[in-house]
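Source file: my_file.pdb (PDB, C-alpha atoms and all ligand atoms)
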MODEL        1
ATOM      1  CA  MET A   1      -8.203  -8.539 -20.025
ATOM      2  CA  LEU A   2     -10.737 -10.148 -17.712
ATOM      3  CA  LYS A   3     -12.659 -13.230 -18.698
ATOM      4  CA  GLN A   4     -16.367 -12.527 -18.864
ATOM      5  CA  THR A   5     -16.997 -14.764 -15.839
ATOM      6  CA  GLU A   6     -14.466 -12.720 -13.847
ATOM      7  CA  ALA A   7     -16.048  -9.445 -14.959
ATOM      8  CA  ARG A   8     -19.481 -10.727 -13.899
ATOM      9  CA  GLN A   9     -18.063 -11.869 -10.547
ATOM     10  CA  ILE A  10     -16.646  -8.398  -9.884
ATOM     11  CA  LEU A  11     -20.017  -6.813 -10.605
ATOM     12  CA  HIS A  12     -21.682  -9.355  -8.350
ATOM     13  CA  ASN A  13     -19.323  -8.374  -5.494
ATOM     14  CA  SER A  14     -19.946  -4.675  -5.980
ATOM     15  CA  GLU A  15     -22.489  -2.131  -4.878
ATOM     16  CA  VAL A  16     -24.069   0.864  -6.567
ATOM     17  CA  LEU A  17     -22.761   4.171  -5.236
ATOM     18  CA  PHE A  18     -24.754   6.363  -7.631
ATOM     19  CA  THR A  19     -27.702   5.147  -9.645
ATOM     20  CA  ALA A  20     -28.090   5.923 -13.333
ATOM     21  CA  ASP A  21     -30.710   8.547 -12.416
ATOM     22  CA  GLN A  22     -28.346  10.219  -9.965
ATOM     23  CA  VAL A  23     -25.625  10.200 -12.597
ATOM     24  CA  GLN A  24     -27.941  11.823 -15.149
ATOM     25  CA  ALA A  25     -29.081  14.480 -12.664
ATOM     26  CA  ALA A  26     -25.442  15.333 -11.857
ATOM     27  CA  LEU A  27     -24.649  15.446 -15.578
ATOM     28  CA  ARG A  28     -27.455  17.938 -16.304
ATOM     29  CA  LYS A  29     -26.382  20.175 -13.446
ATOM     30  CA  LEU A  30     -22.769  20.145 -14.548
ATOM     31  CA  ALA A  31     -23.745  20.836 -18.169
ATOM     32  CA  SER A  32     -25.781  23.876 -17.184
ATOM     33  CA  SER A  33     -22.847  25.270 -15.180
ATOM     34  CA  ILE A  34     -20.622  24.848 -18.223
ATOM     35  CA  CYS A  35     -23.212  26.591 -20.421
ATOM     36  CA  ALA A  36     -23.398  29.481 -17.960
ATOM     37  CA  GLU A  37     -19.609  29.913 -17.898
ATOM     38  CA  LEU A  38     -18.390  29.076 -21.388
ATOM     39  CA  SER A  39     -21.204  29.962 -23.822
ATOM     40  CA  ASP A  40     -19.329  32.825 -25.429
ATOM     41  CA  GLN A  41     -15.804  31.328 -25.207
ATOM     42  CA  HIS A  42     -15.879  29.035 -28.250
ATOM     43  CA  PRO A  43     -13.875  26.400 -26.361
ATOM     44  CA  LEU A  44     -11.907  23.488 -27.709
ATOM     45  CA  VAL A  45     -13.210  20.488 -25.779
ATOM     46  CA  LEU A  46     -10.527  17.846 -25.203
ATOM     47  CA  SER A  47     -11.831  14.500 -24.053
ATOM     48  CA  VAL A  48      -9.438  12.214 -22.195
ATOM     49  CA  MET A  49      -9.689   8.742 -23.666
ATOM     50  CA  GLY A  50     -10.785   6.186 -22.760
ATOM     51  CA  GLY A  51     -12.423   6.896 -19.361
ATOM     52  CA  ALA A  52     -14.183  10.070 -20.478
ATOM     53  CA  VAL A  53     -15.900   8.506 -23.465
ATOM     54  CA  VAL A  54     -19.318   7.997 -21.880
ATOM     55  CA  PHE A  55     -19.312  11.291 -19.979
ATOM     56  CA  THR A  56     -18.208  13.212 -23.076
ATOM     57  CA  GLY A  57     -20.735  11.517 -25.314
ATOM     58  CA  GLN A  58     -23.564  12.479 -22.991
ATOM     59  CA  LEU A  59     -22.239  15.953 -22.142
ATOM     60  CA  LEU A  60     -21.690  17.357 -25.631
ATOM     61  CA  PRO A  61     -25.360  17.246 -26.715
ATOM     62  CA  LEU A  62     -26.254  19.240 -23.571
ATOM     63  CA  LEU A  63     -23.914  22.108 -24.521
ATOM     64  CA  ASP A  64     -25.840  24.655 -26.558
ATOM     65  CA  PHE A  65     -23.026  26.860 -27.885
ATOM     66  CA  PRO A  66     -20.322  26.614 -30.572
ATOM     67  CA  LEU A  67     -17.335  24.458 -29.666
ATOM     68  CA  ASP A  68     -14.620  22.370 -31.277
ATOM     69  CA  PHE A  69     -13.811  18.837 -30.261
ATOM     70  CA  ASP A  70     -10.622  16.794 -30.035
ATOM     71  CA  TYR A  71      -9.196  14.180 -27.691
ATOM     72  CA  VAL A  72      -6.049  13.160 -25.886
ATOM     73  CA  HIS A  73      -5.237   9.656 -24.799
ATOM     74  CA  VAL A  74      -3.208   9.177 -21.682
ATOM     75  CA  SER A  75      -3.134   6.326 -19.285
ATOM     76  CA  ARG A  76      -1.612   6.195 -15.896
ATOM     77  CA  TYR A  77      -3.015   3.055 -14.551
ATOM     78  CA  GLY A  78      -2.558   0.557 -17.331
ATOM     79  CA  ASN A  79      -4.325  -2.467 -15.995
ATOM     80  CA  ASN A  80      -3.150  -1.833 -12.497
ATOM     81  CA  LYS A  81      -5.244  -0.191  -9.784
ATOM     82  CA  GLN A  82      -2.187   1.601  -8.360
ATOM     83  CA  GLY A  83      -1.328   5.007  -9.801
ATOM     84  CA  GLY A  84       1.671   4.640 -12.060
ATOM     85  CA  GLU A  85       3.658   6.260 -14.808
ATOM     86  CA  MET A  86       1.923   8.531 -17.331
ATOM     87  CA  ARG A  87       1.850   7.201 -20.881
ATOM     88  CA  TRP A  88       0.790   9.508 -23.731
ATOM     89  CA  LYS A  89      -0.851   7.614 -26.543
ATOM     90  CA  VAL A  90      -2.174  10.815 -28.133
ATOM     91  CA  ALA A  91      -0.716  13.990 -26.637
ATOM     92  CA  PRO A  92      -2.235  17.493 -26.879
ATOM     93  CA  HIS A  93      -1.097  19.291 -30.032
ATOM     94  CA  GLU A  94      -0.904  22.713 -31.729
ATOM     95  CA  ASN A  95      -4.642  23.158 -32.193
ATOM     96  CA  VAL A  96      -4.870  24.306 -28.549
ATOM     97  CA  ARG A  97      -2.876  27.476 -29.337
ATOM     98  CA  GLY A  98      -4.897  30.622 -28.642
ATOM     99  CA  ARG A  99      -7.918  28.633 -27.445
ATOM    100  CA  VAL A 100      -9.967  28.314 -24.307
ATOM    101  CA  VAL A 101      -9.539  24.589 -23.638
ATOM    102  CA  LEU A 102     -12.055  22.540 -21.671
ATOM    103  CA  VAL A 103     -10.636  19.153 -20.694
ATOM    104  CA  VAL A 104     -13.249  16.492 -19.939
ATOM    105  CA  ASP A 105     -12.282  13.454 -17.857
ATOM    106  CA  ASP A 106     -13.967  10.757 -15.823
ATOM    107  CA  ILE A 107     -12.341  11.015 -12.402
ATOM    108  CA  LEU A 108      -9.894  13.118 -10.441
ATOM    109  CA  ASP A 109      -7.979  10.837  -8.124
ATOM    110  CA  GLU A 110      -4.463  12.071  -7.313
ATOM    111  CA  GLY A 111      -4.818  14.780  -9.957
ATOM    112  CA  GLU A 112      -1.541  13.900 -11.698
ATOM    113  CA  THR A 113      -3.186  13.126 -15.037
ATOM    114  CA  LEU A 114      -5.157  16.360 -15.252
ATOM    115  CA  ASN A 115      -2.164  18.369 -14.028
ATOM    116  CA  ALA A 116       0.070  16.881 -16.741
ATOM    117  CA  ILE A 117      -2.564  17.651 -19.389
ATOM    118  CA  ARG A 118      -2.885  21.237 -18.150
ATOM    119  CA  ASN A 119       0.902  21.713 -18.282
ATOM    120  CA  ARG A 120       1.110  20.440 -21.876
ATOM    121  CA  VAL A 121      -1.904  22.464 -23.008
ATOM    122  CA  MET A 122      -0.572  25.709 -21.495
ATOM    123  CA  GLU A 123       2.956  25.095 -22.892
ATOM    124  CA  LEU A 124       1.376  24.760 -26.326
ATOM    125  CA  GLY A 125      -0.130  28.248 -25.990
ATOM    126  CA  ALA A 126      -3.739  27.828 -24.853
ATOM    127  CA  VAL A 127      -5.132  31.103 -23.458
ATOM    128  CA  LYS A 128      -7.203  29.448 -20.769
ATOM    129  CA  PHE A 129      -7.482  25.962 -19.299
ATOM    130  CA  CYS A 130     -10.559  24.637 -17.568
ATOM    131  CA  SER A 131     -11.745  21.167 -16.737
ATOM    132  CA  ALA A 132     -14.927  19.192 -16.229
ATOM    133  CA  ILE A 133     -14.467  16.016 -14.212
ATOM    134  CA  PHE A 134     -17.392  13.753 -13.595
ATOM    135  CA  ALA A 135     -16.223  12.212 -10.317
ATOM    136  CA  ASP A 136     -13.959  13.906  -7.775
ATOM    137  CA  LYS A 137     -12.484  11.340  -5.395
ATOM    138  CA  LYS A 138     -12.553  12.491  -1.775
ATOM    139  CA  ASN A 139      -9.205  10.999  -0.824
ATOM    140  CA  GLY A 140      -7.946  13.717   1.509
ATOM    141  CA  LEU A 141      -4.970  14.401  -0.759
ATOM    142  CA  ASN A 142      -3.730  17.861  -1.518
ATOM    143  CA  LYS A 143      -4.277  17.562  -5.276
ATOM    144  CA  PRO A 144      -2.070  19.605  -7.642
ATOM    145  CA  ILE A 145      -5.166  20.811  -9.521
ATOM    146  CA  ARG A 146      -8.870  21.367  -8.872
ATOM    147  CA  ALA A 147     -11.570  20.779 -11.442
ATOM    148  CA  ASP A 148     -13.677  23.771 -12.473
ATOM    149  CA  PHE A 149     -16.796  21.657 -13.018
ATOM    150  CA  VAL A 150     -17.496  18.507 -10.981
ATOM    151  CA  GLY A 151     -20.409  16.073 -11.327
ATOM    152  CA  LEU A 152     -20.224  13.973  -8.176
ATOM    153  CA  GLU A 153     -17.953  13.435  -5.216
ATOM    154  CA  VAL A 154     -17.038   9.783  -4.772
ATOM    155  CA  PRO A 155     -15.526   8.141  -1.685
ATOM    156  CA  ASP A 156     -11.909   7.001  -1.611
ATOM    157  CA  ARG A 157     -12.587   3.603  -3.187
ATOM    158  CA  PHE A 158     -11.927   2.098  -6.594
ATOM    159  CA  VAL A 159     -15.032   2.948  -8.588
ATOM    160  CA  PHE A 160     -16.196   1.843 -12.013
ATOM    161  CA  GLY A 161     -18.995   2.330 -14.506
ATOM    162  CA  TYR A 162     -19.966   5.460 -16.446
ATOM    163  CA  GLY A 163     -16.765   5.173 -18.490
ATOM    164  CA  MET A 164     -14.506   4.024 -15.672
ATOM    165  CA  ASP A 165     -13.115   0.537 -15.934
ATOM    166  CA  VAL A 166     -12.108  -2.204 -13.573
ATOM    167  CA  HIS A 167      -9.292  -4.166 -15.238
ATOM    168  CA  GLY A 168     -10.658  -2.986 -18.568
ATOM    169  CA  ALA A 169     -14.247  -4.090 -17.928
ATOM    170  CA  TRP A 170     -17.571  -2.351 -17.237
ATOM    171  CA  ARG A 171     -17.014   1.077 -18.769
ATOM    172  CA  ASN A 172     -20.453   0.556 -20.267
ATOM    173  CA  LEU A 173     -22.439   0.589 -17.014
ATOM    174  CA  PRO A 174     -24.800   3.588 -16.666
ATOM    175  CA  ALA A 175     -24.379   3.772 -12.864
ATOM    176  CA  ILE A 176     -21.278   4.115 -10.654
ATOM    177  CA  TYR A 177     -20.196   1.085  -8.646
ATOM    178  CA  ALA A 178     -17.516   0.135  -6.111
ATOM    179  CA  MET A 179     -16.356  -3.255  -4.949
ATOM    180  CA  LYS A 180     -17.908  -4.238  -1.613
ATOM    181  CA  GLU A 181     -15.469  -3.725   1.240
ATOM    182  CA  GLU A 182     -14.612  -6.810   3.262
TER     183      GLU A 182
HETATM  184  P1  LIG A 201      -5.083  10.645 -11.252
HETATM  185  O1  LIG A 201      -3.910  11.033 -12.115
HETATM  186  O2  LIG A 201      -4.649   9.909 -10.007
HETATM  187  O3  LIG A 201      -6.012  11.802 -10.928
HETATM  188  O4  LIG A 201      -5.874   9.555 -12.042
HETATM  189  C1  LIG A 201      -6.852   9.882 -12.923
HETATM  190  C2  LIG A 201      -7.074   8.747 -13.907
HETATM  191  O5  LIG A 201      -6.939   7.468 -13.262
HETATM  192  C3  LIG A 201      -8.479   8.840 -14.408
HETATM  193  O6  LIG A 201      -8.497   9.440 -15.683
HETATM  194  C4  LIG A 201      -8.948   7.391 -14.436
HETATM  195  O7  LIG A 201      -8.761   6.895 -15.746
HETATM  196  C5  LIG A 201      -8.053   6.626 -13.489
HETATM  197  N1  LIG A 201      -8.695   6.336 -12.186
HETATM  198  C6  LIG A 201      -8.433   6.900 -10.987
HETATM  199  N2  LIG A 201      -9.193   6.392 -10.008
HETATM  200  C7  LIG A 201      -9.987   5.495 -10.599
HETATM  201  C8  LIG A 201     -11.050   4.639 -10.097
HETATM  202  O8  LIG A 201     -11.430   4.611  -8.911
HETATM  203  N3  LIG A 201     -11.653   3.846 -11.018
HETATM  204  C9  LIG A 201     -11.301   3.840 -12.337
HETATM  205  N4  LIG A 201     -10.333   4.625 -12.849
HETATM  206  C10 LIG A 201      -9.677   5.441 -11.985
HETATM  207 MG    MG A 202      -8.573   8.211 -17.552
ENDMDL
END
Would you give me this structure, written as structure tokens?
Amino acid sequence: MLKQTEARQILHNSEVLFTADQVQAALRKLASSICAELSDQHPLVLSVMGGAVVFTGQLLPLLDFPLDFDYVHVSRYGNNKQGGEMRWKVAPHENVRGRVVLVVDDILDEGETLNAIRNRVMELGAVKFCSAIFADKKNGLNKPIRADFVGLEVPDRFVFGYGMDVHGAWRNLPAIYAMKEE
């Protein structure tokens, strides 16, 4: 955990990539695409804790059709910025069977997290898997999975805010930030 002085220092050395208004505009656009595609599918929405908490909390009230809600909790990064081993804290379970599942997550980086969730969800008998990812990182990688609904494209930098953390801090920021490059 960061000390509050360290967290404030990180914010001080960072820049805004997308303002809160830009984030909200992207959210509304993404929500209307989801409404257009999934209105009659009665999806089970699975939010990926903890990064998707802000995105999910703002997305759900913009969806104007019947849905069910549940969450999974997986972390790959721990407190490290490097991609690491996948740890399931709450794995997908039987309630996905026979459902159209919409997974909601904050960011698609290497795509390993979303791919692992898709594999579990399909093994458990979901009829269809789709995903809404707020930020797609343009890292030039050949990702194992594409998101069906994307809010914003972010550059290949470590970003935070709007649910995404830097060493555990600043998930609560309404805009998207990145550390200034030296
Ligand atoms: P992936 O498996 O590499 O796609 O990693 C996706 C997960 O890593 C996301 O759910 C985020 O929690 C985390 N992550 C990846 N890149 C960033 C970043 O730039 N900032 C904060 N979290 C990130
Ligand atoms: Mg995450």
Gap from CA of Arg118 in chain A to CA of His167 in chain A - Å, one decimal: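 A separation of 26.4 Å between them.
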If we count only C-alpha atoms, what is near Val154 in chain A at a cut-off of 12 Å, once residues fewer than 2 positions away on the same chain are taken out, given as an mmCIF file with C-alpha atoms, keeping the file's coordinate frame?
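Done, and the output landed in result12.cif:
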data_model
loop_
_atom_site.group_PDB
_atom_site.id
_atom_site.type_symbol
_atom_site.label_atom_id
_atom_site.label_comp_id
_atom_site.auth_asym_id
_atom_site.auth_seq_id
_atom_site.Cartn_x
_atom_site.Cartn_y
_atom_site.Cartn_z
ATOM 1 C CA VAL A 16 -24.069 0.864 -6.567
ATOM 2 C CA LEU A 17 -22.761 4.171 -5.236
ATOM 3 C CA PHE A 18 -24.754 6.363 -7.631
ATOM 4 C CA VAL A 23 -25.625 10.200 -12.597
ATOM 5 C CA ASP A 106 -13.967 10.757 -15.823
ATOM 6 C CA ILE A 107 -12.341 11.015 -12.402
ATOM 7 C CA LEU A 108 -9.894 13.118 -10.441
ATOM 8 C CA ASP A 109 -7.979 10.837 -8.124
ATOM 9 C CA ILE A 133 -14.467 16.016 -14.212
ATOM 10 C CA PHE A 134 -17.392 13.753 -13.595
ATOM 11 C CA ALA A 135 -16.223 12.212 -10.317
ATOM 12 C CA ASP A 136 -13.959 13.906 -7.775
ATOM 13 C CA LYS A 137 -12.484 11.340 -5.395
ATOM 14 C CA LYS A 138 -12.553 12.491 -1.775
ATOM 15 C CA ASN A 139 -9.205 10.999 -0.824
ATOM 16 C CA GLY A 140 -7.946 13.717 1.509
ATOM 17 C CA VAL A 150 -17.496 18.507 -10.981
ATOM 18 C CA GLY A 151 -20.409 16.073 -11.327
ATOM 19 C CA LEU A 152 -20.224 13.973 -8.176
ATOM 20 C CA ASP A 156 -11.909 7.001 -1.611
ATOM 21 C CA ARG A 157 -12.587 3.603 -3.187
ATOM 22 C CA PHE A 158 -11.927 2.098 -6.594
ATOM 23 C CA VAL A 159 -15.032 2.948 -8.588
ATOM 24 C CA PHE A 160 -16.196 1.843 -12.013
ATOM 25 C CA ILE A 176 -21.278 4.115 -10.654
ATOM 26 C CA TYR A 177 -20.196 1.085 -8.646
ATOM 27 C CA ALA A 178 -17.516 0.135 -6.111
#
Counting only C-alpha atoms and all ligand atoms, the residue of A:Thr113, A:Gln22, A:Thr5, A:Asn95 that sits nearest ligand MG 202 (chain A):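 Of A:Thr113, A:Gln22, A:Thr5, A:Asn95, the one nearest ligand MG 202 (chain A), counting only C-alpha atoms and all ligand atoms, is A:Thr113.
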At a cut-off of 8 Å, can you tabulate as CSV every residue of chain A near ligand MG 202 (chain A) together with its closest atom pair and the distance in Å to one decimal, using only C-alpha atoms and all ligand atoms and ordering rows by chain then number?
residue,atom,partner,partner_atom,distance
A:Val48,CA,A:MG202,MG,6.2
A:Met49,CA,A:MG202,MG,6.2
A:Gly50,CA,A:MG202,MG,6.0
A:Gly51,CA,A:MG202,MG,4.5
A:Ala52,CA,A:MG202,MG,6.6
A:Val74,CA,A:MG202,MG,6.8
A:Ser75,CA,A:MG202,MG,6.0
A:Arg76,CA,A:MG202,MG,7.4
A:Asp105,CA,A:MG202,MG,6.4
A:Asp106,CA,A:MG202,MG,6.2
A:Ile107,CA,A:MG202,MG,7.0
A:Thr113,CA,A:MG202,MG,7.7
A:Met164,CA,A:MG202,MG,7.5
Option closest in space to ligand LIG 201 (chain A), from A:Glu153, A:Glu37, A:Asp165, A:Glu15 [counting only C-alpha atoms and all ligand atoms]: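 Answer, going by the shortest atom-to-atom distance: A:Asp165.
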Between CA of Lys128 in chain A and CA of Leu38 in chain A, distance in Å (one decimal): 11.2 Å
To test the calculation: enclose all listed atoms of ligand LIG 201 (chain A) in a box whose edges run along x, y and z, add 3 Å on each side, then state centre and edge lengths in Å to one decimal, as lines of an AutoDock Vina configuration file.
center_x = -7.8
center_y = 7.8
center_z = -12.3
size_x = 13.7
size_y = 14.0
size_z = 12.8
Nearest residue to ligand LIG 201 (chain A) from the set A:Asn142, A:Asn115, A:Gln58, A:Asn172 (distances using only C-alpha atoms and all ligand atoms): A:Asn115
